[in-house]
There are 2 protein chains.
Amino acid sequence: MNTSLKNDRFLRALRRESVDTTPIWVMRQAGRYLPEYRATRERAGSFMGLAQNPEFACEVTLQPLARFDLDAAILFSDILTIPDAMGLGLSFAQSEGPQFARTVRSAADIARLAVPDMDGELRYVMDAVRLIRKELAGRVPLIGFSGSPWTLACYMVEGGGSRDFATLKAMCWNEPTLAHRLLEVLARSVTAYLSAQAAAGAQALMVFDTWGGLLGPAPFREFSLRYMAQIVAGLKQVAHARELPVILFSKGANAQLAAMADTGCAALGVDWTVDLDDARRAVAGKVALQGNLDPAILLASPEVIRREARAVLDSYGPHPGHVFNLGHGITPEVDPEHVQVLVDEVHTYGRMPRTK
Amino acid sequence: MNTSLKNDRFLRALRRESVDTTPIWVMRQAGRYLPEYRATRERAGSFMGLAQNPEFACEVTLQPLARFDLDAAILFSDILTIPDAMGLGLSFAQSEGPQFARTVRSAADIARLAVPDMDGELRYVMDAVRLIRKELAGRVPLIGFSGSPWTLACYMVEGGGSRDFATLKAMCWNEPTLAHRLLEVLARSVTAYLSAQAAAGAQALMVFDTWGGLLGPAPFREFSLRYMAQIVAGLKQVAHARELPVILFSKGANAQLAAMADTGCAALGVDWTVDLDDARRAVAGKVALQGNLDPAILLASPEVIRREARAVLDSYGPHPGHVFNLGHGITPEVDPEHVQVLVDEVHTYGRMPRTK
């Protein structure tokens, strides 16, 4: 399937093979910093109206690729589609914060949860994947993704955003069996979800563990990492997903990179609070790394953006297995021209021999 | 001065001397989880009315000590007293978030800033320190504190709270000279402020770098650590402050512990996302460590609180130089009885020999 790809730098880097230059894509590259995204969003009426309509989702997925020479596309969707499909009623408040109509807190709440139907409630996601693949026509690979079980549980138990997600944490300490039951059904759901995205045409898969970094080392391994490892292992049991590289990204869990590299995933996302050379040493060549420019650098001048992009590339050094990205999603205030500057610099400087 | 202390465990641990048991205090121990705090706050009318009145500040500082066998008191105040004294007009919105009437963004804004008068605008803080010392009557040591230059600058430039404080970051990338000028006047102000607190009777000093963890490694050293190091060095030039242990706490900057240990400070605060044994190895015995229980553990049952407190003590091991604390401030939802459980367990288990 990938043999027809016109640009396979991203997949080659994930496999730690040699590349002509460092591939780059940008977390949230289809987002509010683009006027054309805001226009489509306006037409869709709401964020969910945008995300749940395959034509709109395809349109915004492709928008950044029309502007920039990015090396991968990522499905436009939300990390909370699974709990929404489980019947929790997802909506987005004015400020873009997610909110659920129903929370999940008791044994009975958890018993009611079932793996959603990938041809039913979540069919719109698979339709979007199919449509995007068709429209991409092999230009670059398409990344499918999901929230991690821990991160989905954070929102489901809390009912929305939170600074510390203490409600789920308290469940983990006081009723660990309950928490594990919830995480278990979520891990099975995420595995089925990513597997269905693979079947629909996704060429790489990413798990966003946005709130894993809120946990201490031992609880991280017990409540977050364990279920991501289950997903990676589960995908290897599925014929059409087996070969797909999986990227895990636990923002802020930098002390856990070595443990995460042992899950069998292909790559780890890395935020900007560690140097890539330290991260590379921590994972001992077992996985590729994706990152890690501070998103706020894109608010700086082109000159500074170029300098800092080179610093990230130099920090990773001449080794195979680097996918350039930000350390977190791009923010709405960024000037799109600055993304052009970044992409150009990564592709130009990424071609040069580095000796570090 | 300290010879008259009835309980000097905290100061001994900061000096990495032997102690009969592990000392404990709790960040934000004088806070909203205590009904008596809420009552005083009610009488004071507002948060600033509470913080700026030495009698009220003394009252709430002593409240947790009346309930729990804590090994240190910490001055009740706010981390943003310095910019308020610089004329920026600090207030707290309904949600307790800080807001400034004026922001600091231009060269002219920064040129207007001067080190506040410790006997003028900030005299209320020194009066509180003197009153608390008197009322404590040597029971436990009193900690004075300040926000770090970086953290003060975050709020001053942004004008209030933020998720990423990108306005200050953009200033750092685009106009580093301006950012350094701002941080410079703040470092001189913090040095004078902590020095004045020492003169008024504080027996240890802590610098809260709440937002240092938002910076990547190199910018952290340039814009945050450098100024904390300047403060530590500056305090060593002052006769009445020279001997006081200084604790630095940069939440989330765990990759920087080794660099922070080289500033000449006595101890580092550590959040709960790293194991204390790893943190101890990183600082190579140069400083004491303070931490690092996840504050959310206090929402769990007494049994879990005891188990997790023991896990923190075991992780630090039999070495000198541990002050038990949370990895971040205690939250308003905590049952005060749970703090009692924690303090008792730390003092009981802390007495036992550990071999790890």
# chains A, B, ... in the order shown; residues from 1 in each chain; ligands from 1

$ residues_around --residues "A:Phe100" --least-positions-apart "4" --cutoff "7 Å" --atoms "only C-alpha atoms" --output "ChimeraX atom specification"
/A:88-91,159-160

$ write_last_selection --atoms "C-alpha atoms" --output "JSON list (two decimals), in the first residue's frame"
[["chain", "number", "residue", "atom", "x", "y", "z"],
["A", 88, "LEU", "CA", -21.62, 10.47, 27.01],
["A", 89, "GLY", "CA", -22.72, 13.41, 24.86],
["A", 90, "LEU", "CA", -19.67, 15.45, 23.91],
["A", 91, "SER", "CA", -19.95, 19.16, 23.22],
["A", 159, "GLY", "CA", -17.04, 15.41, 32.84],
["A", 160, "GLY", "CA", -14.79, 17.96, 31.13]]

$ interface_residues --of "chain B" --to "chain A" --cutoff "6 Å" --atoms "only C-alpha atoms" --output "list in words"
Ala166, Ala170, Trp173, Asn174, Gly216, Pro217, Trp272, Thr273, Ala296, Leu299 and Ala300 of chain B

$ closest_residue --among "A:Phe208, A:Phe92, A:Phe56, A:Tyr155" --to "A:Met27" --atoms "only C-alpha atoms"
A:Phe208

$ select_by_dssp --residues "stretch 75-305 of chain A" --states "strand (DSSP E)" --output "ChimeraX atom specification"
/A:90-92,98-100,142-147,204-209,246-250,267-269,288-293

$ write_last_selection --atoms "C-alpha atoms" --output "short mmCIF file (atom, residue, chain, number, x, y, z; two decimals), in the first residue's frame"
data_model
loop_
_atom_site.label_atom_id
_atom_site.label_comp_id
_atom_site.auth_asym_id
_atom_site.auth_seq_id
_atom_site.Cartn_x
_atom_site.Cartn_y
_atom_site.Cartn_z
CA LEU A 90 -19.67 15.45 23.91
CA SER A 91 -19.95 19.16 23.22
CA PHE A 92 -17.57 22.09 23.14
CA PRO A 98 -14.78 19.73 25.92
CA GLN A 99 -17.78 18.88 28.08
CA PHE A 100 -19.72 15.66 28.56
CA LEU A 142 -2.08 9.68 6.63
CA ILE A 143 -1.85 9.41 10.43
CA GLY A 144 -4.83 8.03 12.36
CA PHE A 145 -5.06 8.70 16.07
CA SER A 146 -6.89 8.30 19.35
CA GLY A 147 -6.76 9.64 22.88
CA ALA A 204 0.55 5.33 10.90
CA LEU A 205 -1.23 5.53 14.26
CA MET A 206 -0.71 7.90 17.15
CA VAL A 207 -1.95 7.72 20.73
CA PHE A 208 -2.26 11.07 22.52
CA ASP A 209 -1.79 10.65 26.26
CA VAL A 246 2.49 3.42 16.38
CA ILE A 247 3.58 6.68 18.00
CA LEU A 248 2.93 7.19 21.72
CA PHE A 249 2.93 10.70 23.17
CA SER A 250 2.60 11.26 26.91
CA ALA A 267 8.18 6.13 18.09
CA LEU A 268 7.64 8.45 21.02
CA GLY A 269 6.49 12.05 20.94
CA ALA A 288 12.22 6.90 16.71
CA LEU A 289 11.52 10.28 18.32
CA GLN A 290 9.04 12.91 17.21
CA GLY A 291 9.43 16.51 18.35
CA ASN A 292 10.25 18.80 20.01
CA LEU A 293 10.20 22.53 19.24
#

$ atom_distance --atom1 "atom CA of A:Arg242" --atom2 "atom CA of A:Gly264"
11.3 Å

$ residues_around --residues "A:Lys134" --least-positions-apart "3" --cutoff "12 Å" --atoms "only C-alpha atoms" --output "list in words"
Glu55, Cys58, Leu62, Asp127, Ala128, Val129, Arg130, Leu131, Ala137, Gly138, Arg139, Val140, Pro141, Leu142, Ala200, Gly201 and Ala202 of chain A

$ select_by_dssp --residues "stretch 197-324 of chain A" --states "alpha helix (DSSP H)" --output "ChimeraX atom specification"
/A:197-200,217-219,226-235,257-261,276-283,302-316

$ atom_distance --atom1 "atom CA of A:Leu70" --atom2 "atom CA of A:Ile24"
5.8 Å

$ closest_residue --among "B:Arg112, B:Arg9, B:Arg67, B:Arg123" --to "B:Thr81" --atoms "only C-alpha atoms"
B:Arg123

$ closest_residue --among "B:Ser4, B:Val125, B:Ser224, B:Val312" --to "B:Leu326" --atoms "only C-alpha atoms"
B:Val312

$ residues_around --residues "A:Gln52" --least-positions-apart "2" --cutoff "8 Å" --atoms "only C-alpha atoms" --output "number ranges by chain"
A: 48-50, 54, 57, 77, 124-125

$ residues_around --residues "A:Asp20" --least-positions-apart "3" --cutoff "9 Å" --atoms "only C-alpha atoms" --output "list in words"
Arg9, Pro23, His347, Gly350 and Arg351 of chain A

$ write_last_selection --atoms "N, CA and C atoms" --output "PDB file, in the first residue's frame"
ATOM      1  N   ARG A   9       9.129   9.752   3.462  1.00  0.00           N
ATOM      2  CA  ARG A   9      10.122  10.156   4.472  1.00  0.00           C
ATOM      3  C   ARG A   9       9.649   9.889   5.900  1.00  0.00           C
ATOM      4  N   PRO A  23      11.819  14.539   7.969  1.00  0.00           N
ATOM      5  CA  PRO A  23      10.403  14.811   7.732  1.00  0.00           C
ATOM      6  C   PRO A  23       9.817  15.685   8.839  1.00  0.00           C
ATOM      7  N   HIS A 347      13.596  21.154   6.230  1.00  0.00           N
ATOM      8  CA  HIS A 347      13.952  20.390   5.029  1.00  0.00           C
ATOM      9  C   HIS A 347      15.334  20.767   4.483  1.00  0.00           C
ATOM     10  N   GLY A 350      17.904  19.844   7.394  1.00  0.00           N
ATOM     11  CA  GLY A 350      17.830  18.395   7.594  1.00  0.00           C
ATOM     12  C   GLY A 350      18.595  17.600   6.551  1.00  0.00           C
ATOM     13  N   ARG A 351      18.899  18.227   5.415  1.00  0.00           N
ATOM     14  CA  ARG A 351      19.675  17.561   4.364  1.00  0.00           C
ATOM     15  C   ARG A 351      21.161  17.550   4.658  1.00  0.00           C
TER      16      ARG A 351
END

$ decode --residues "stretch 74-204 of chain B" --atoms "C-alpha atoms" --output "CSV table (one decimal), in the first residue's frame"
chain,number,residue,atom,x,y,z
B,74,ILE,CA,5.5,29.4,56.1
B,75,LEU,CA,4.6,33.1,55.9
B,76,PHE,CA,1.1,33.5,54.5
B,77,SER,CA,1.5,35.8,51.5
B,78,ASP,CA,1.2,35.8,47.7
B,79,ILE,CA,3.9,35.1,45.2
B,80,LEU,CA,3.0,38.4,43.4
B,81,THR,CA,3.6,40.9,46.1
B,82,ILE,CA,6.6,42.4,44.4
B,83,PRO,CA,4.9,43.4,41.1
B,84,ASP,CA,2.0,44.7,43.1
B,85,ALA,CA,4.4,46.8,45.1
B,86,MET,CA,5.9,48.0,41.8
B,87,GLY,CA,2.5,49.6,41.1
B,88,LEU,CA,0.9,47.0,38.7
B,89,GLY,CA,-2.3,46.7,40.8
B,90,LEU,CA,-2.8,43.1,41.8
B,91,SER,CA,-6.3,41.8,42.4
B,92,PHE,CA,-7.9,38.3,42.5
B,93,ALA,CA,-10.9,37.4,40.4
B,94,GLN,CA,-13.7,35.3,41.7
B,95,SER,CA,-11.9,32.1,40.7
B,96,GLU,CA,-8.8,33.2,42.7
B,97,GLY,CA,-6.9,33.9,39.6
B,98,PRO,CA,-4.4,36.8,39.8
B,99,GLN,CA,-4.9,39.9,37.6
B,100,PHE,CA,-2.9,43.0,37.1
B,101,ALA,CA,-4.4,46.3,36.3
B,102,ARG,CA,-1.3,47.2,34.2
B,103,THR,CA,0.9,44.9,32.1
B,104,VAL,CA,4.6,45.3,31.4
B,105,ARG,CA,5.5,44.9,27.7
B,106,SER,CA,7.5,47.8,26.3
B,107,ALA,CA,11.0,49.1,27.1
B,108,ALA,CA,9.2,52.1,28.7
B,109,ASP,CA,7.1,49.8,30.9
B,110,ILE,CA,10.3,48.1,32.1
B,111,ALA,CA,12.2,51.3,32.6
B,112,ARG,CA,9.6,52.5,35.0
B,113,LEU,CA,10.1,49.5,37.3
B,114,ALA,CA,12.2,49.9,40.4
B,115,VAL,CA,13.1,47.7,43.4
B,116,PRO,CA,10.2,48.3,45.8
B,117,ASP,CA,10.9,49.8,49.2
B,118,MET,CA,10.9,47.0,51.8
B,119,ASP,CA,10.1,49.6,54.5
B,120,GLY,CA,7.4,51.1,52.3
B,121,GLU,CA,5.1,49.3,50.0
B,122,LEU,CA,6.3,45.9,51.3
B,123,ARG,CA,6.5,46.8,54.9
B,124,TYR,CA,3.3,44.8,55.6
B,125,VAL,CA,5.2,41.6,54.7
B,126,MET,CA,8.0,42.4,57.1
B,127,ASP,CA,5.5,43.3,59.8
B,128,ALA,CA,3.8,39.9,59.3
B,129,VAL,CA,7.2,38.1,59.5
B,130,ARG,CA,8.0,39.8,62.7
B,131,LEU,CA,4.6,39.2,64.2
B,132,ILE,CA,4.6,35.5,63.2
B,133,ARG,CA,8.1,35.0,64.7
B,134,LYS,CA,6.9,36.5,67.9
B,135,GLU,CA,3.8,34.4,68.0
B,136,LEU,CA,5.7,31.2,67.0
B,137,ALA,CA,7.9,31.7,70.0
B,138,GLY,CA,10.5,29.3,68.7
B,139,ARG,CA,8.1,26.4,68.2
B,140,VAL,CA,9.2,25.7,64.6
B,141,PRO,CA,11.2,27.7,62.0
B,142,LEU,CA,9.5,30.3,59.8
B,143,ILE,CA,10.0,30.1,56.0
B,144,GLY,CA,10.0,33.3,54.0
B,145,PHE,CA,9.4,33.2,50.3
B,146,SER,CA,9.1,34.9,46.9
B,147,GLY,CA,8.1,34.1,43.4
B,148,SER,CA,11.0,33.7,41.1
B,149,PRO,CA,11.9,36.4,38.6
B,150,TRP,CA,10.7,34.2,35.7
B,151,THR,CA,7.4,33.5,37.3
B,152,LEU,CA,6.8,37.1,38.3
B,153,ALA,CA,7.6,38.2,34.8
B,154,CYS,CA,5.2,35.6,33.4
B,155,TYR,CA,2.3,37.3,35.2
B,156,MET,CA,3.5,40.8,34.7
B,157,VAL,CA,3.9,40.5,30.9
B,158,GLU,CA,0.7,38.5,30.5
B,159,GLY,CA,-1.3,40.6,33.0
B,160,GLY,CA,-2.7,37.5,34.7
B,161,GLY,CA,-2.7,33.7,34.5
B,162,SER,CA,-2.2,31.8,31.2
B,163,ARG,CA,-1.8,28.3,30.0
B,164,ASP,CA,1.5,28.9,28.2
B,165,PHE,CA,2.6,32.5,29.0
B,166,ALA,CA,3.4,32.9,25.4
B,167,THR,CA,3.6,36.7,25.6
B,168,LEU,CA,6.7,36.6,27.8
B,169,LYS,CA,8.2,33.8,25.8
B,170,ALA,CA,7.7,35.8,22.6
B,171,MET,CA,9.5,38.7,24.3
B,172,CYS,CA,12.4,36.3,25.3
B,173,TRP,CA,12.8,35.1,21.7
B,174,ASN,CA,12.2,38.5,19.9
B,175,GLU,CA,13.6,41.0,22.4
B,176,PRO,CA,15.9,39.1,24.7
B,177,THR,CA,17.6,42.3,25.9
B,178,LEU,CA,14.2,43.6,27.1
B,179,ALA,CA,13.4,40.3,28.8
B,180,HIS,CA,16.7,40.3,30.6
B,181,ARG,CA,16.3,43.9,31.7
B,182,LEU,CA,12.9,42.9,33.3
B,183,LEU,CA,14.3,39.8,34.9
B,184,GLU,CA,17.3,41.7,36.2
B,185,VAL,CA,15.2,44.3,38.1
B,186,LEU,CA,13.1,41.4,39.4
B,187,ALA,CA,16.1,39.4,40.6
B,188,ARG,CA,17.4,42.5,42.4
B,189,SER,CA,13.9,43.0,43.9
B,190,VAL,CA,13.6,39.4,45.0
B,191,THR,CA,17.1,39.5,46.6
B,192,ALA,CA,16.2,42.6,48.5
B,193,TYR,CA,12.8,41.1,49.5
B,194,LEU,CA,14.1,37.8,50.8
B,195,SER,CA,17.0,39.7,52.5
B,196,ALA,CA,14.4,41.9,54.3
B,197,GLN,CA,12.4,38.8,55.3
B,198,ALA,CA,15.5,37.3,56.7
B,199,ALA,CA,16.2,40.6,58.7
B,200,ALA,CA,12.6,40.5,59.9
B,201,GLY,CA,13.1,36.9,61.2
B,202,ALA,CA,12.6,34.3,58.5
B,203,GLN,CA,14.8,31.3,59.2
B,204,ALA,CA,14.7,29.7,55.7
